[in-house]
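Shown below: work30.cif, with mmCIF, C-alpha atoms.
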data_target
loop_
_atom_site.label_atom_id
_atom_site.label_comp_id
_atom_site.auth_asym_id
_atom_site.auth_seq_id
_atom_site.Cartn_x
_atom_site.Cartn_y
_atom_site.Cartn_z
CA MET H 1 0.00 0.00 0.00
CA SER H 2 1.29 3.46 -0.89
CA PHE H 3 0.30 6.77 0.67
CA ARG H 4 -0.31 10.14 -0.90
CA VAL H 5 1.45 13.09 0.76
CA ALA H 6 -0.10 16.54 0.30
CA ALA H 7 1.77 19.74 1.24
CA PHE H 8 -0.40 22.85 1.22
CA TYR H 9 -0.92 26.35 2.55
CA LYS H 10 -3.22 29.27 1.94
CA PHE H 11 -3.10 32.84 3.20
CA PHE H 12 -6.66 34.07 3.79
CA ARG H 13 -8.68 35.89 6.44
CA PHE H 14 -9.47 33.24 9.07
CA PRO H 15 -10.86 35.10 12.13
CA ASP H 16 -12.62 32.04 13.61
CA TYR H 17 -9.65 29.68 13.35
CA ARG H 18 -9.80 28.83 17.06
CA GLU H 19 -13.43 27.76 16.86
CA ARG H 20 -12.76 25.70 13.72
CA GLN H 21 -9.89 23.69 15.21
CA PRO H 22 -11.97 20.96 16.93
CA GLU H 23 -14.16 20.26 13.90
CA LEU H 24 -11.21 20.12 11.51
CA ALA H 25 -9.28 17.81 13.83
CA ALA H 26 -12.29 15.52 14.12
CA ALA H 27 -12.81 15.48 10.35
CA PHE H 28 -9.18 14.61 9.61
CA CYS H 29 -9.12 11.97 12.34
CA GLY H 30 -12.22 10.38 10.86
CA LEU H 31 -10.52 10.19 7.48
CA GLY H 32 -7.49 8.41 8.96
CA VAL H 33 -4.98 10.97 7.70
CA LYS H 34 -1.85 11.87 9.66
CA GLY H 35 0.48 14.85 9.63
CA SER H 36 0.48 18.42 10.86
CA VAL H 37 -1.87 21.34 10.16
CA LEU H 38 -1.35 24.86 11.51
CA LEU H 39 -4.25 27.29 11.87
CA ALA H 40 -3.88 31.04 12.39
CA GLU H 41 -5.74 34.24 11.70
CA GLU H 42 -3.69 34.62 8.50
CA GLY H 43 -4.58 31.16 7.06
CA VAL H 44 -3.64 27.48 7.09
CA ASN H 45 -0.43 25.53 6.48
CA GLY H 46 0.27 21.82 6.64
CA THR H 47 1.27 18.44 5.30
CA LEU H 48 -1.02 15.41 5.46
CA ALA H 49 -0.62 11.81 4.34
CA GLY H 50 -3.18 9.08 3.79
CA THR H 51 -4.96 7.14 1.09
CA PRO H 52 -5.63 9.14 -2.11
CA GLU H 53 -9.34 9.19 -1.30
CA ALA H 54 -8.74 10.42 2.25
CA ILE H 55 -6.37 13.16 1.09
CA ASP H 56 -8.90 14.35 -1.51
CA ALA H 57 -11.56 14.50 1.19
CA ALA H 58 -9.27 16.35 3.63
CA LEU H 59 -8.39 18.97 1.02
CA ALA H 60 -12.06 19.36 0.12
CA ARG H 61 -12.77 20.00 3.81
CA LEU H 62 -10.14 22.75 3.89
CA ARG H 63 -11.40 24.30 0.64
CA ALA H 64 -14.86 24.53 2.20
CA LEU H 65 -13.51 27.20 4.57
CA PRO H 66 -14.57 30.71 3.46
CA GLY H 67 -11.61 32.23 1.63
CA ALA H 68 -9.73 28.94 1.14
CA GLU H 69 -11.57 27.84 -2.00
CA THR H 70 -8.43 28.11 -4.16
CA LEU H 71 -6.12 26.24 -1.77
CA GLU H 72 -3.66 24.16 -3.80
CA ALA H 73 -1.45 21.24 -2.80
CA LYS H 74 1.76 19.59 -3.95
CA PHE H 75 1.63 15.81 -4.02
CA ALA H 76 4.13 13.00 -3.57
CA GLU H 77 3.90 9.27 -2.94
CA ALA H 78 5.36 7.34 0.01
CA GLU H 79 5.67 3.59 0.45
CA LYS H 80 5.04 3.90 4.19
CA MET H 81 3.13 6.40 6.29
CA PRO H 82 5.56 9.33 6.81
CA PHE H 83 3.90 10.64 9.99
CA ARG H 84 3.29 9.04 13.38
CA ARG H 85 0.24 11.06 14.40
CA LEU H 86 -2.17 13.85 13.48
CA LYS H 87 -1.68 17.35 14.92
CA VAL H 88 -3.99 20.31 14.28
CA ARG H 89 -2.49 23.26 16.14
CA LEU H 90 -3.31 26.92 16.73
CA LYS H 91 -0.55 29.46 15.99
CA ARG H 92 -0.07 33.21 15.85
CA GLU H 93 1.37 32.83 12.34
CA ILE H 94 1.24 29.87 9.95
CA VAL H 95 4.88 30.61 9.22
CA THR H 96 6.69 32.58 11.90
CA MET H 97 8.47 35.75 10.77
CA GLY H 98 7.73 37.86 13.84
CA VAL H 99 7.31 41.20 12.04
CA PRO H 100 3.99 42.78 13.06
CA GLY H 101 1.89 43.92 10.13
CA THR H 102 3.41 41.60 7.54
CA ASP H 103 0.33 40.44 5.66
CA PRO H 104 0.43 38.53 2.34
CA ASN H 105 -3.35 38.94 2.18
CA THR H 106 -2.89 42.66 1.44
CA LEU H 107 0.64 42.99 0.02
CA VAL H 108 2.68 40.37 -1.82
CA GLY H 109 5.26 39.99 -4.57
CA SER H 110 4.61 38.83 -8.13
CA TYR H 111 4.04 35.09 -8.57
CA VAL H 112 6.24 33.37 -11.14
CA LYS H 113 5.13 30.06 -12.68
CA PRO H 114 7.69 27.22 -12.47
CA GLU H 115 7.96 27.13 -16.27
CA ASP H 116 8.96 30.84 -16.29
CA TRP H 117 11.35 30.65 -13.32
CA ASN H 118 14.54 29.84 -15.25
CA ALA H 119 14.20 32.93 -17.42
CA LEU H 120 13.84 35.18 -14.38
CA ILE H 121 16.72 33.79 -12.33
CA THR H 122 19.17 33.77 -15.24
CA ASP H 123 18.49 37.46 -15.92
CA PRO H 124 21.66 39.38 -14.89
CA ASP H 125 19.44 42.03 -13.28
CA THR H 126 17.93 39.50 -10.85
CA VAL H 127 19.24 38.70 -7.38
CA LEU H 128 18.10 35.22 -6.31
CA ILE H 129 17.61 34.55 -2.57
CA ASP H 130 16.93 31.24 -0.84
CA THR H 131 14.62 32.03 2.10
CA ARG H 132 15.05 28.64 3.81
CA ASN H 133 17.19 27.77 6.82
CA ASP H 134 20.89 27.01 6.44
CA TYR H 135 20.57 23.24 6.95
CA GLU H 136 17.99 23.08 4.14
CA VAL H 137 20.15 25.08 1.73
CA ALA H 138 23.15 22.87 2.52
CA ILE H 139 21.69 19.83 0.75
CA GLY H 140 20.31 21.58 -2.33
CA THR H 141 19.41 24.95 -3.88
CA PHE H 142 19.06 26.74 -7.21
CA GLU H 143 22.17 27.53 -9.19
CA GLY H 144 23.41 31.02 -8.29
CA ALA H 145 21.18 31.48 -5.23
CA ILE H 146 22.30 33.51 -2.23
CA ASP H 147 22.23 31.64 1.09
CA PRO H 148 21.35 34.02 3.98
CA GLN H 149 22.70 31.35 6.40
CA THR H 150 19.80 31.85 8.80
CA ASP H 151 18.99 29.39 11.58
CA ARG H 152 15.27 30.16 11.42
CA PHE H 153 12.86 32.17 9.29
CA ARG H 154 12.42 34.92 11.88
CA ASP H 155 16.11 35.79 11.27
CA PHE H 156 15.37 36.66 7.63
CA PRO H 157 14.14 40.28 8.12
CA ALA H 158 17.32 41.39 9.91
CA TRP H 159 19.48 39.66 7.29
CA PHE H 160 17.56 41.27 4.44
CA ARG H 161 17.84 44.77 5.89
CA GLU H 162 21.62 44.39 6.05
CA PHE H 163 21.71 42.91 2.55
CA ARG H 164 19.62 45.76 1.17
CA ALA H 165 21.96 48.32 2.76
CA ARG H 166 24.90 46.65 0.97
CA LEU H 167 23.05 46.78 -2.35
CA GLU H 168 22.24 50.46 -1.88
CA SER H 169 25.85 51.27 -0.95
CA GLU H 170 26.85 49.75 -4.29
CA GLY H 171 24.18 51.75 -6.13
CA ARG H 172 22.30 48.58 -7.13
CA LYS H 173 18.51 48.19 -7.45
CA PRO H 174 18.09 44.68 -8.86
CA LYS H 175 14.95 42.61 -9.14
CA ILE H 176 14.58 40.37 -6.08
CA ALA H 177 13.50 36.76 -6.66
CA MET H 178 12.91 34.44 -3.71
CA PHE H 179 11.98 30.80 -3.24
CA CYS H 180 11.35 28.18 -0.56
CA THR H 181 10.14 24.59 -0.27
CA GLY H 182 6.42 24.93 -0.88
CA GLY H 183 5.95 28.66 -1.43
CA ILE H 184 4.78 29.83 1.99
CA ARG H 185 7.99 31.35 3.37
CA CYS H 186 8.92 33.15 0.16
CA GLU H 187 5.35 34.47 -0.20
CA LYS H 188 5.55 35.98 3.27
CA ALA H 189 9.10 37.19 2.60
CA THR H 190 7.91 39.10 -0.48
CA SER H 191 5.23 40.78 1.62
CA PHE H 192 7.90 41.92 4.07
CA VAL H 193 10.30 43.07 1.32
CA LYS H 194 7.61 45.05 -0.48
CA ALA H 195 6.59 46.66 2.82
CA GLU H 196 10.23 47.74 3.09
CA GLY H 197 9.71 49.76 -0.10
CA ILE H 198 11.15 47.48 -2.79
CA GLU H 199 8.94 47.21 -5.87
CA ASP H 200 10.43 44.53 -8.16
CA VAL H 201 9.88 41.48 -5.97
CA PHE H 202 9.09 37.99 -7.26
CA HIS H 203 8.64 34.51 -5.83
CA LEU H 204 8.34 30.98 -7.17
CA GLU H 205 4.69 29.95 -7.23
CA GLY H 206 4.29 26.60 -5.51
CA GLY H 207 7.90 26.61 -4.33
CA ILE H 208 10.67 24.17 -5.09
CA LEU H 209 8.34 21.17 -4.95
CA LYS H 210 6.12 22.54 -7.72
CA TYR H 211 9.20 23.40 -9.79
CA LEU H 212 10.56 19.86 -9.46
CA GLU H 213 7.14 18.49 -10.39
CA THR H 214 6.82 20.78 -13.45
CA VAL H 215 10.25 21.37 -15.00
CA PRO H 216 12.01 18.44 -16.75
CA GLU H 217 15.25 17.49 -15.02
CA GLN H 218 17.31 18.12 -18.16
CA GLU H 219 16.12 21.76 -18.15
CA SER H 220 16.35 22.22 -14.38
CA LEU H 221 18.54 24.75 -12.57
CA TRP H 222 17.97 22.96 -9.27
CA ARG H 223 21.08 21.34 -7.78
CA GLY H 224 21.03 18.65 -5.08
CA GLU H 225 18.10 17.37 -3.04
CA CYS H 226 15.21 19.23 -1.42
CA PHE H 227 14.65 19.00 2.33
CA VAL H 228 11.05 18.15 3.29
CA PHE H 229 9.39 18.22 6.70
CA ASP H 230 8.38 14.59 7.02
CA GLU H 231 10.07 11.22 7.43
CA ARG H 232 11.28 11.21 3.82
CA VAL H 233 13.72 13.98 4.94
CA SER H 234 14.70 14.87 1.37
CA VAL H 235 13.47 14.28 -2.19
CA ARG H 236 15.22 13.99 -5.53
CA HIS H 237 14.24 15.88 -8.67
CA ASP H 238 11.60 13.24 -9.48
CA LEU H 239 10.20 13.71 -5.93
CA SER H 240 11.25 10.20 -4.91
CA PRO H 241 12.82 9.89 -1.42
CA GLY H 242 16.37 11.22 -1.33
CA THR H 243 19.55 9.96 0.30
CA HIS H 244 19.41 11.96 3.55
CA SER H 245 18.20 10.83 6.93
CA LEU H 246 17.37 12.96 9.96
CA CYS H 247 19.52 13.42 13.03
CA HIS H 248 16.96 13.03 15.81
CA ALA H 249 19.24 14.89 18.20
CA CYS H 250 19.31 18.21 16.32
CA GLY H 251 16.77 17.80 13.50
CA ARG H 252 19.26 18.40 10.68
CA PRO H 253 19.54 16.23 7.56
CA VAL H 254 22.51 13.85 7.41
CA SER H 255 23.94 12.60 4.12
CA ALA H 256 25.05 9.03 3.46
CA GLU H 257 28.64 10.24 3.90
CA GLY H 258 27.75 11.95 7.16
CA ARG H 259 26.27 8.72 8.51
CA GLN H 260 29.68 7.09 8.07
CA HIS H 261 31.40 9.80 10.13
CA LYS H 262 32.76 8.92 13.56
CA ASP H 263 30.58 11.61 15.15
CA TYR H 264 27.35 10.09 13.84
CA VAL H 265 25.52 7.94 16.36
CA GLU H 266 21.92 7.26 15.42
CA GLY H 267 19.55 9.34 17.53
CA ILE H 268 22.39 10.77 19.64
CA SER H 269 24.65 12.98 17.51
CA CYS H 270 25.83 13.89 14.01
CA PRO H 271 28.86 15.81 12.68
CA ALA H 272 26.83 19.05 12.71
CA CYS H 273 25.69 18.87 16.33
CA ILE H 274 28.38 16.85 18.14
CA SER H 275 29.92 20.01 19.62
CA GLU H 276 26.55 21.56 20.51
CA MET H 277 25.25 18.83 22.83
CA THR H 278 26.17 18.36 26.47
CA ASP H 279 27.03 14.99 27.99
CA GLY H 280 23.68 15.11 29.77
CA GLN H 281 21.77 15.64 26.54
CA ARG H 282 23.59 12.80 24.80
CA ALA H 283 22.82 10.53 27.76
CA ARG H 284 19.11 11.37 27.45
CA PHE H 285 19.19 10.73 23.71
CA ALA H 286 20.92 7.40 24.29
CA GLU H 287 18.23 6.37 26.76
CA ARG H 288 15.55 7.40 24.27
CA GLN H 289 17.17 5.22 21.61
CA ARG H 290 17.32 2.31 24.04
CA GLN H 291 13.62 2.65 24.85
CA MET H 292 12.73 2.85 21.16
CA ALA H 293 14.75 -0.31 20.45
CA LEU H 294 12.95 -2.11 23.29
CA ALA H 295 9.58 -1.03 21.91
CA ARG H 296 10.46 -2.33 18.45
CA THR H 297 11.59 -5.66 19.95
CA ARG H 298 8.33 -6.06 21.88
CA ALA H 299 6.29 -5.23 18.79
CA SER H 300 8.04 -7.80 16.59
#

Output the structure of this file as structure tokens.
Amino acid sequence: MSFRVAAFYKFFRFPDYRERQPELAAAFCGLGVKGSVLLAEEGVNGTLAGTPEAIDAALARLRALPGAETLEAKFAEAEKMPFRRLKVRLKREIVTMGVPGTDPNTLVGSYVKPEDWNALITDPDTVLIDTRNDYEVAIGTFEGAIDPQTDRFRDFPAWFREFRARLESEGRKPKIAMFCTGGIRCEKATSFVKAEGIEDVFHLEGGILKYLETVPEQESLWRGECFVFDERVSVRHDLSPGTHSLCHACGRPVSAEGRQHKDYVEGISCPACISEMTDGQRARFAERQRQMALARTRAS
């Protein structure tokens, strides 16, 4: 049995999101889907997995929300269920930037279709920015993209303000093109950038996942694998599971080469986090691994 994985988001006015949470959770639970859905006043964001019929029904339930009628999803297939449970959570923002007043429902950059993306990013007058976190960029990005080297999305505004100051000191006013995994972070980033007074701002509609789904690999400017927020960890250009696994100590992706490193101990450490963890933390992780191994033994 294979499972369909749907990644989706939609910015829309959702004033009664708190009241809607119980009914949505009950509906998804009844369908047998698993994954994570975030609800906030600015919209919805999530990834769900289940049978094709259950996923279609879950998306229909979301599209029945006033304002979410045009919600779109990116799809992939998984041989096993990529989530352990279902979570429907309330948040202040469906993607956390932490800049009050940033609102893609009222101000946003120009959407660029995946089939038109290559022409934009190869234009010498375009500056291409990857809005994802540093560990995501490390395993794959678009050719020529700038890596802000941010630990989290809320660090992006401060980085961009410094970057803009450098551009202005050089007398440059390029077009700004941004991208992210599924489109949500770069959509919000364009809202912020336009609010900062920059006019020529663009973002990849549907994100990297839609690009990989749409653009033939032989024409692609994508390099490497794309990090995804489920148990697949990363996907190749054909959206099949990639070669990375997740370090359950720090949450970063680990390559096949990294898993051969002396600092990699499953569930306890990897080369990226070995120096960040205390002896006490590693002891707790080791105990967690032991308990998980015992549970697997009892279940077999």

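The spacing separating CA of Trp222 in chain H from CA of Arg154 in chain H amounts to 24.9 Å.
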
Could you pull the residues within 7 Å of range 233-247 of chain H, counting all atoms listed in the file, minus those fewer than 3 positions along the same chain, as a PyMOL selection string? chain H and resi 76+212-213+217+225-230+250-256+267+269-270

Surrounding residues of Gly30 in chain H excluding itself and chain neighbours under 5 positions, 12 Å, only C-alpha atoms, as JSON, numbers by chain: {"H": [23, 24, 25, 50, 54, 55, 57, 58, 61, 86]}

Would you mind exporting C-alpha atoms of the selected residues as a compact mmCIF listing (two decimals), in the coordinates of the input?
# COMPACT_ATOMS: atom_id res chain seq x y z
CA GLU H 23 -14.16 20.26 13.90
CA LEU H 24 -11.21 20.12 11.51
CA ALA H 25 -9.28 17.81 13.83
CA GLY H 50 -3.18 9.08 3.79
CA ALA H 54 -8.74 10.42 2.25
CA ILE H 55 -6.37 13.16 1.09
CA ALA H 57 -11.56 14.50 1.19
CA ALA H 58 -9.27 16.35 3.63
CA ARG H 61 -12.77 20.00 3.81
CA LEU H 86 -2.17 13.85 13.48

Applying the PyMOL selection byres ((chain H and resi 100) around 12) to the file I just gave you, which residues come out? Please list them as number ranges by chain. H: 92-93, 96-99, 101-103, 154, 157, 191-192, 195

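CA of Thr181 in chain H sits 23.7 Å away from CA of Glu162 in chain H.
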
Starting from the displayed file, determine the output of the PyMOL selection byres ((chain H and resi 4-18) around 7) and express the residue list as number ranges by chain. H: 2-3, 19-21, 39-52, 67-68, 71-78, 90, 104-105, 184

Could you state which residues are captured by the PyMOL selection byres ((chain H and resi 132-143) around 7) in this file, as a VMD selection string? chain H and resid 130 to 131 144 to 145 147 149 to 153 180 221 to 227 252

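Between CA of Phe160 in chain H and CA of Asp123 in chain H there is a distance of 20.7 Å.
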
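Residue nearest Ser36 in chain H, chosen from H:Ala249, H:Leu59, H:Met81, H:Val88 and counting all atoms listed in the file: H:Val88.
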
Taking (33.9, 14.1, 13.7) as a centre in this file's frame and 8 Å as the limit, can you find every polymer residue with an atom that close, using only C-alpha atoms, and give them as an mmCIF file with C-alpha atoms, keeping the file's coordinate frame?
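After the write, result_11.cif holds the following:
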data_model
loop_
_atom_site.group_PDB
_atom_site.id
_atom_site.type_symbol
_atom_site.label_atom_id
_atom_site.label_comp_id
_atom_site.auth_asym_id
_atom_site.auth_seq_id
_atom_site.Cartn_x
_atom_site.Cartn_y
_atom_site.Cartn_z
ATOM 1 C CA HIS H 261 31.400 9.800 10.130
ATOM 2 C CA LYS H 262 32.760 8.920 13.560
ATOM 3 C CA ASP H 263 30.580 11.610 15.150
ATOM 4 C CA TYR H 264 27.350 10.090 13.840
ATOM 5 C CA PRO H 271 28.860 15.810 12.680
ATOM 6 C CA ILE H 274 28.380 16.850 18.140
#

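Comparing H:Cys273, H:Ala26, H:Val193, H:Lys113 by their smallest distance to Thr214 in chain H, the closest is H:Lys113 (using only C-alpha atoms).
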
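Of the listed residues H:Cys29, H:Glu168, H:Pro174, H:Ala286, the one whose atoms come nearest to Asp125 in chain H is H:Pro174, with distances taken using only C-alpha atoms.
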
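Minimum atom-to-atom distance to Ala60 in chain H, evaluated using all atoms listed in the file, belongs to H:Leu31 out of H:Ala158, H:Leu31, H:Ile176, H:Met277.
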
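Of the listed residues H:Arg282, H:Lys34, H:His203, H:Arg288, the one whose atoms come nearest to Met178 in chain H is H:His203, with distances taken using only C-alpha atoms.
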
How would range 194-220 of chain H look with N, CA, C and O atoms restored, written as a PDB file, in the coordinates of the input?
ATOM      1  N   LYS H 194       8.370  43.968   0.151  1.00  0.00           N
ATOM      2  CA  LYS H 194       7.610  45.050  -0.480  1.00  0.00           C
ATOM      3  C   LYS H 194       7.221  46.113   0.546  1.00  0.00           C
ATOM      4  O   LYS H 194       7.231  47.316   0.241  1.00  0.00           O
ATOM      5  N   ALA H 195       6.904  45.685   1.769  1.00  0.00           N
ATOM      6  CA  ALA H 195       6.590  46.660   2.820  1.00  0.00           C
ATOM      7  C   ALA H 195       7.808  47.513   3.164  1.00  0.00           C
ATOM      8  O   ALA H 195       7.663  48.631   3.665  1.00  0.00           O
ATOM      9  N   GLU H 196       8.997  46.989   2.883  1.00  0.00           N
ATOM     10  CA  GLU H 196      10.230  47.740   3.090  1.00  0.00           C
ATOM     11  C   GLU H 196      10.482  48.757   1.982  1.00  0.00           C
ATOM     12  O   GLU H 196      11.462  49.500   2.024  1.00  0.00           O
ATOM     13  N   GLY H 197       9.617  48.757   0.957  1.00  0.00           N
ATOM     14  CA  GLY H 197       9.710  49.760  -0.100  1.00  0.00           C
ATOM     15  C   GLY H 197      10.323  49.303  -1.400  1.00  0.00           C
ATOM     16  O   GLY H 197      10.562  50.116  -2.300  1.00  0.00           O
ATOM     17  N   ILE H 198      10.582  48.008  -1.553  1.00  0.00           N
ATOM     18  CA  ILE H 198      11.150  47.480  -2.790  1.00  0.00           C
ATOM     19  C   ILE H 198      10.025  47.033  -3.703  1.00  0.00           C
ATOM     20  O   ILE H 198       9.135  46.288  -3.289  1.00  0.00           O
ATOM     21  N   GLU H 199      10.047  47.456  -4.965  1.00  0.00           N
ATOM     22  CA  GLU H 199       8.940  47.210  -5.870  1.00  0.00           C
ATOM     23  C   GLU H 199       9.081  45.909  -6.670  1.00  0.00           C
ATOM     24  O   GLU H 199       8.138  45.134  -6.779  1.00  0.00           O
ATOM     25  N   ASP H 200      10.254  45.679  -7.261  1.00  0.00           N
ATOM     26  CA  ASP H 200      10.430  44.530  -8.160  1.00  0.00           C
ATOM     27  C   ASP H 200      10.763  43.277  -7.356  1.00  0.00           C
ATOM     28  O   ASP H 200      11.928  42.894  -7.193  1.00  0.00           O
ATOM     29  N   VAL H 201       9.723  42.641  -6.843  1.00  0.00           N
ATOM     30  CA  VAL H 201       9.880  41.480  -5.970  1.00  0.00           C
ATOM     31  C   VAL H 201       9.066  40.316  -6.541  1.00  0.00           C
ATOM     32  O   VAL H 201       7.882  40.469  -6.859  1.00  0.00           O
ATOM     33  N   PHE H 202       9.707  39.154  -6.642  1.00  0.00           N
ATOM     34  CA  PHE H 202       9.090  37.990  -7.260  1.00  0.00           C
ATOM     35  C   PHE H 202       9.306  36.753  -6.390  1.00  0.00           C
ATOM     36  O   PHE H 202      10.271  36.685  -5.637  1.00  0.00           O
ATOM     37  N   HIS H 203       8.412  35.780  -6.526  1.00  0.00           N
ATOM     38  CA  HIS H 203       8.640  34.510  -5.830  1.00  0.00           C
ATOM     39  C   HIS H 203       8.087  33.358  -6.656  1.00  0.00           C
ATOM     40  O   HIS H 203       7.184  33.517  -7.483  1.00  0.00           O
ATOM     41  N   LEU H 204       8.665  32.180  -6.409  1.00  0.00           N
ATOM     42  CA  LEU H 204       8.340  30.980  -7.170  1.00  0.00           C
ATOM     43  C   LEU H 204       7.006  30.414  -6.716  1.00  0.00           C
ATOM     44  O   LEU H 204       6.875  29.934  -5.585  1.00  0.00           O
ATOM     45  N   GLU H 205       6.024  30.448  -7.573  1.00  0.00           N
ATOM     46  CA  GLU H 205       4.690  29.950  -7.230  1.00  0.00           C
ATOM     47  C   GLU H 205       4.730  28.441  -7.006  1.00  0.00           C
ATOM     48  O   GLU H 205       5.177  27.696  -7.864  1.00  0.00           O
ATOM     49  N   GLY H 206       4.269  28.021  -5.836  1.00  0.00           N
ATOM     50  CA  GLY H 206       4.290  26.600  -5.510  1.00  0.00           C
ATOM     51  C   GLY H 206       5.604  26.112  -4.957  1.00  0.00           C
ATOM     52  O   GLY H 206       5.711  24.947  -4.560  1.00  0.00           O
ATOM     53  N   GLY H 207       6.618  26.969  -4.922  1.00  0.00           N
ATOM     54  CA  GLY H 207       7.900  26.610  -4.330  1.00  0.00           C
ATOM     55  C   GLY H 207       8.702  25.592  -5.118  1.00  0.00           C
ATOM     56  O   GLY H 207       8.384  25.231  -6.254  1.00  0.00           O
ATOM     57  N   ILE H 208       9.764  25.131  -4.472  1.00  0.00           N
ATOM     58  CA  ILE H 208      10.670  24.170  -5.090  1.00  0.00           C
ATOM     59  C   ILE H 208       9.934  22.901  -5.506  1.00  0.00           C
ATOM     60  O   ILE H 208      10.167  22.349  -6.590  1.00  0.00           O
ATOM     61  N   LEU H 209       9.039  22.419  -4.659  1.00  0.00           N
ATOM     62  CA  LEU H 209       8.340  21.170  -4.950  1.00  0.00           C
ATOM     63  C   LEU H 209       7.543  21.253  -6.237  1.00  0.00           C
ATOM     64  O   LEU H 209       7.533  20.305  -7.036  1.00  0.00           O
ATOM     65  N   LYS H 210       6.881  22.376  -6.476  1.00  0.00           N
ATOM     66  CA  LYS H 210       6.120  22.540  -7.720  1.00  0.00           C
ATOM     67  C   LYS H 210       7.063  22.651  -8.911  1.00  0.00           C
ATOM     68  O   LYS H 210       6.755  22.140 -10.009  1.00  0.00           O
ATOM     69  N   TYR H 211       8.196  23.294  -8.728  1.00  0.00           N
ATOM     70  CA  TYR H 211       9.200  23.400  -9.790  1.00  0.00           C
ATOM     71  C   TYR H 211       9.695  22.013 -10.184  1.00  0.00           C
ATOM     72  O   TYR H 211       9.776  21.671 -11.366  1.00  0.00           O
ATOM     73  N   LEU H 212      10.048  21.200  -9.190  1.00  0.00           N
ATOM     74  CA  LEU H 212      10.560  19.860  -9.460  1.00  0.00           C
ATOM     75  C   LEU H 212       9.496  18.998 -10.147  1.00  0.00           C
ATOM     76  O   LEU H 212       9.818  18.142 -10.988  1.00  0.00           O
ATOM     77  N   GLU H 213       8.252  19.233  -9.793  1.00  0.00           N
ATOM     78  CA  GLU H 213       7.140  18.490 -10.390  1.00  0.00           C
ATOM     79  C   GLU H 213       6.898  18.916 -11.838  1.00  0.00           C
ATOM     80  O   GLU H 213       6.471  18.113 -12.670  1.00  0.00           O
ATOM     81  N   THR H 214       7.199  20.192 -12.158  1.00  0.00           N
ATOM     82  CA  THR H 214       6.820  20.780 -13.450  1.00  0.00           C
ATOM     83  C   THR H 214       7.937  20.787 -14.479  1.00  0.00           C
ATOM     84  O   THR H 214       7.704  20.494 -15.662  1.00  0.00           O
ATOM     85  N   VAL H 215       9.150  21.135 -14.053  1.00  0.00           N
ATOM     86  CA  VAL H 215      10.250  21.370 -15.000  1.00  0.00           C
ATOM     87  C   VAL H 215      11.039  20.074 -15.220  1.00  0.00           C
ATOM     88  O   VAL H 215      11.485  19.441 -14.256  1.00  0.00           O
ATOM     89  N   PRO H 216      11.229  19.652 -16.473  1.00  0.00           N
ATOM     90  CA  PRO H 216      12.010  18.440 -16.750  1.00  0.00           C
ATOM     91  C   PRO H 216      13.418  18.560 -16.178  1.00  0.00           C
ATOM     92  O   PRO H 216      14.017  19.638 -16.193  1.00  0.00           O
ATOM     93  N   GLU H 217      13.950  17.455 -15.682  1.00  0.00           N
ATOM     94  CA  GLU H 217      15.250  17.490 -15.020  1.00  0.00           C
ATOM     95  C   GLU H 217      16.358  17.999 -15.942  1.00  0.00           C
ATOM     96  O   GLU H 217      17.282  18.689 -15.501  1.00  0.00           O
ATOM     97  N   GLN H 218      16.264  17.675 -17.235  1.00  0.00           N
ATOM     98  CA  GLN H 218      17.310  18.120 -18.160  1.00  0.00           C
ATOM     99  C   GLN H 218      17.302  19.635 -18.381  1.00  0.00           C
ATOM    100  O   GLN H 218      18.289  20.213 -18.845  1.00  0.00           O
ATOM    101  N   GLU H 219      16.198  20.303 -18.017  1.00  0.00           N
ATOM    102  CA  GLU H 219      16.120  21.760 -18.150  1.00  0.00           C
ATOM    103  C   GLU H 219      16.260  22.453 -16.792  1.00  0.00           C
ATOM    104  O   GLU H 219      16.247  23.677 -16.711  1.00  0.00           O
ATOM    105  N   SER H 220      16.406  21.682 -15.739  1.00  0.00           N
ATOM    106  CA  SER H 220      16.350  22.220 -14.380  1.00  0.00           C
ATOM    107  C   SER H 220      17.617  22.961 -13.979  1.00  0.00           C
ATOM    108  O   SER H 220      18.731  22.571 -14.325  1.00  0.00           O
TER     109      SER H 220
END
